Amino acid sequence: MRGRYQWPCILAETQAALYFSTTGRFEMSFLSAIPAIALLAMLPVLASLRRMPVAGVREIALGCVLSAASAAALTVATAMQAPIAAMFGYAGLVVTLFFVLRGLQRFFALSMPTPLFLVLAFSSGVVGFIIALGGNGSAAATIIVVAGVTALPLLILGLAAANRWPKEMPVIQVVIIGSVVVVFTALAHILGPSSHFTAERSGSPGFILFDFLVVTMQALCLPLVFIAVILTMQARIIAALRAAIARDGLTGALSRGALMEEGEQIFAECLTRRRPAAFLLLDLDFFKQINDQYGHACGDMALAHFADTVSTFLAGRGVLGRIGGEEFGIVLPDHTEEQAKALAEEICRIVRETPAGRSHQRIRLTVSIGIAAATAHETIADVMIRADLALYDSKADGRDRCTIARDRRIDSSARALAAAAAQLREARAGRPELRHSA
């Protein structure tokens, strides 16, 4: 009876072995296919980023393409047991590391030489491959896999912090570059020739945890790295766009909206801490005549020169913004009315003594300034209205001077008066007979 059932038992065992072997290869090829699919899904995003003025996007996009090709080659090698395809995958992974490092170098404006990244990429691949030859059970394999799993969140956190803490940028850059090298070294080991799991060690908790880390790295490492890089670049692009929107394109001063927003925050902080704050409203005198006599190009140059002169003089003591046309505003934290007036008089003097233009065509500029101090329960718009009324007084008193706002209750009539004052200033700038009648 025993011999009668011997061959069916052998046949069943052989079929089971073939089934589990095929299933294992299918599972491994499926795990290898996950990063390839995820990386291919990221390519349209990277392609859209290439049109943005951000350094390093092209290299990162090439790295994503190469990593997808490498993952696909390793998937084929795992499914078909093709060593040649595996070698192409390993080589692509090394080249991917170089392009990722090169992209980060350009993105962060690192001073490290490009040949150093070639050495790091090649060394990372070689070290990972050599460790892989020793098998997954070696101490070196355990160390490199654990180091790779630890370096992956450090890399993601470092990329997330790169745009938030510019003062710590040198330390963050070292963490990012080091984490990238460690992560790719671990990948080179995990995707190496001895990355398959053995059944005899599957019952050990340590080996189960190790295999879990291996599977996690193999399936999620590359997608997570490129997602983090893409999000970092998008954050940099958004920050650049916000800065461009917040700045006046001609003068480089803050735009009206950005000045109002930042001024509101400064006033609120100063009033909360019972510190003084003031606002200066500046208006270039006879600016229409400058445009009529010298042309609008010279007028634009005069505006840029004026903004640069005032910004250099402020040296961080206040926030300068362009409200519109030839009108500018300055928010002064920690300045009383008297201190603000002293600073405004200095601005009038410096603008008067610093004409715009070149030596053969100098344009003399003067500025009139209205001064208003911030008080409790008052918005920046209310302070600007009082400063505007004071500016009208400066214009009426002969220009090229500064005036402190008188105490007024800001109501609808005061707002209407401020608007009328602004229109009258514009009319006087265009009509000499009105200008000399003040």
# chains A, B, ... in the order shown; residues from 1 in each chain; ligands from 1
$ residues_around --residues "stretch 96-102 of chain A" --least-positions-apart "6" --cutoff "10 Å" --atoms "only C-alpha atoms" --output "PyMOL selection string"
chain A and resi 56-70+90+110+112-122+124-125+176-177+180-181+183-185+225-226+229
$ write_last_selection --atoms "C-alpha atoms" --output "mmCIF file, in the first residue's frame"
data_model
loop_
_atom_site.group_PDB
_atom_site.id
_atom_site.type_symbol
_atom_site.label_atom_id
_atom_site.label_comp_id
_atom_site.auth_asym_id
_atom_site.auth_seq_id
_atom_site.Cartn_x
_atom_site.Cartn_y
_atom_site.Cartn_z
ATOM 1 C CA GLY A 56 17.077 71.208 -10.161
ATOM 2 C CA VAL A 57 13.663 70.206 -11.520
ATOM 3 C CA ARG A 58 15.102 68.766 -14.732
ATOM 4 C CA GLU A 59 17.580 66.547 -12.881
ATOM 5 C CA ILE A 60 14.906 65.328 -10.454
ATOM 6 C CA ALA A 61 12.579 64.556 -13.385
ATOM 7 C CA LEU A 62 15.328 62.537 -15.089
ATOM 8 C CA GLY A 63 15.957 60.724 -11.820
ATOM 9 C CA CYS A 64 12.267 59.854 -11.583
ATOM 10 C CA VAL A 65 12.256 58.461 -15.141
ATOM 11 C CA LEU A 66 15.384 56.404 -14.469
ATOM 12 C CA SER A 67 14.055 55.108 -11.162
ATOM 13 C CA ALA A 68 10.821 54.016 -12.852
ATOM 14 C CA ALA A 69 12.844 52.236 -15.549
ATOM 15 C CA SER A 70 15.060 50.637 -12.892
ATOM 16 C CA TYR A 90 21.086 48.169 -10.422
ATOM 17 C CA LEU A 110 25.114 73.683 -2.723
ATOM 18 C CA MET A 112 29.710 70.728 -3.365
ATOM 19 C CA PRO A 113 31.424 69.717 -6.637
ATOM 20 C CA THR A 114 29.544 67.524 -9.101
ATOM 21 C CA PRO A 115 32.265 64.794 -9.238
ATOM 22 C CA LEU A 116 31.672 64.212 -5.534
ATOM 23 C CA PHE A 117 28.091 63.165 -6.318
ATOM 24 C CA LEU A 118 29.383 60.701 -8.909
ATOM 25 C CA VAL A 119 31.618 59.154 -6.261
ATOM 26 C CA LEU A 120 28.776 59.027 -3.719
ATOM 27 C CA ALA A 121 26.374 57.418 -6.208
ATOM 28 C CA PHE A 122 28.868 54.767 -7.333
ATOM 29 C CA SER A 124 26.447 53.698 -2.544
ATOM 30 C CA GLY A 125 25.596 51.148 -5.222
ATOM 31 C CA ILE A 176 19.263 65.517 3.359
ATOM 32 C CA ILE A 177 22.367 64.528 1.385
ATOM 33 C CA VAL A 180 19.706 60.169 0.423
ATOM 34 C CA VAL A 181 22.987 58.254 0.240
ATOM 35 C CA VAL A 183 18.555 55.277 1.659
ATOM 36 C CA PHE A 184 19.895 54.392 -1.781
ATOM 37 C CA THR A 185 22.599 52.171 -0.272
ATOM 38 C CA VAL A 225 11.471 60.115 -1.751
ATOM 39 C CA PHE A 226 10.159 61.646 -4.964
ATOM 40 C CA VAL A 229 11.066 66.206 -3.316
#
$ select_by_dssp --residues "stretch 218-426 of chain A" --states "alpha helix (DSSP H)" --output "PyMOL selection string"
chain A and resi 218-246+256-272+287-294+296-314+337-353+380-396+412-426
$ residues_around --residues "A:His305" --least-positions-apart "3" --cutoff "9 Å" --atoms "only C-alpha atoms" --output "NGL selection string"
:A and (251 or 300-302 or 308-310 or 355-357)
$ closest_residue --among "A:Cys348, A:Val171, A:Ala387, A:Val149" --to "A:Cys221" --atoms "only C-alpha atoms"
A:Val149
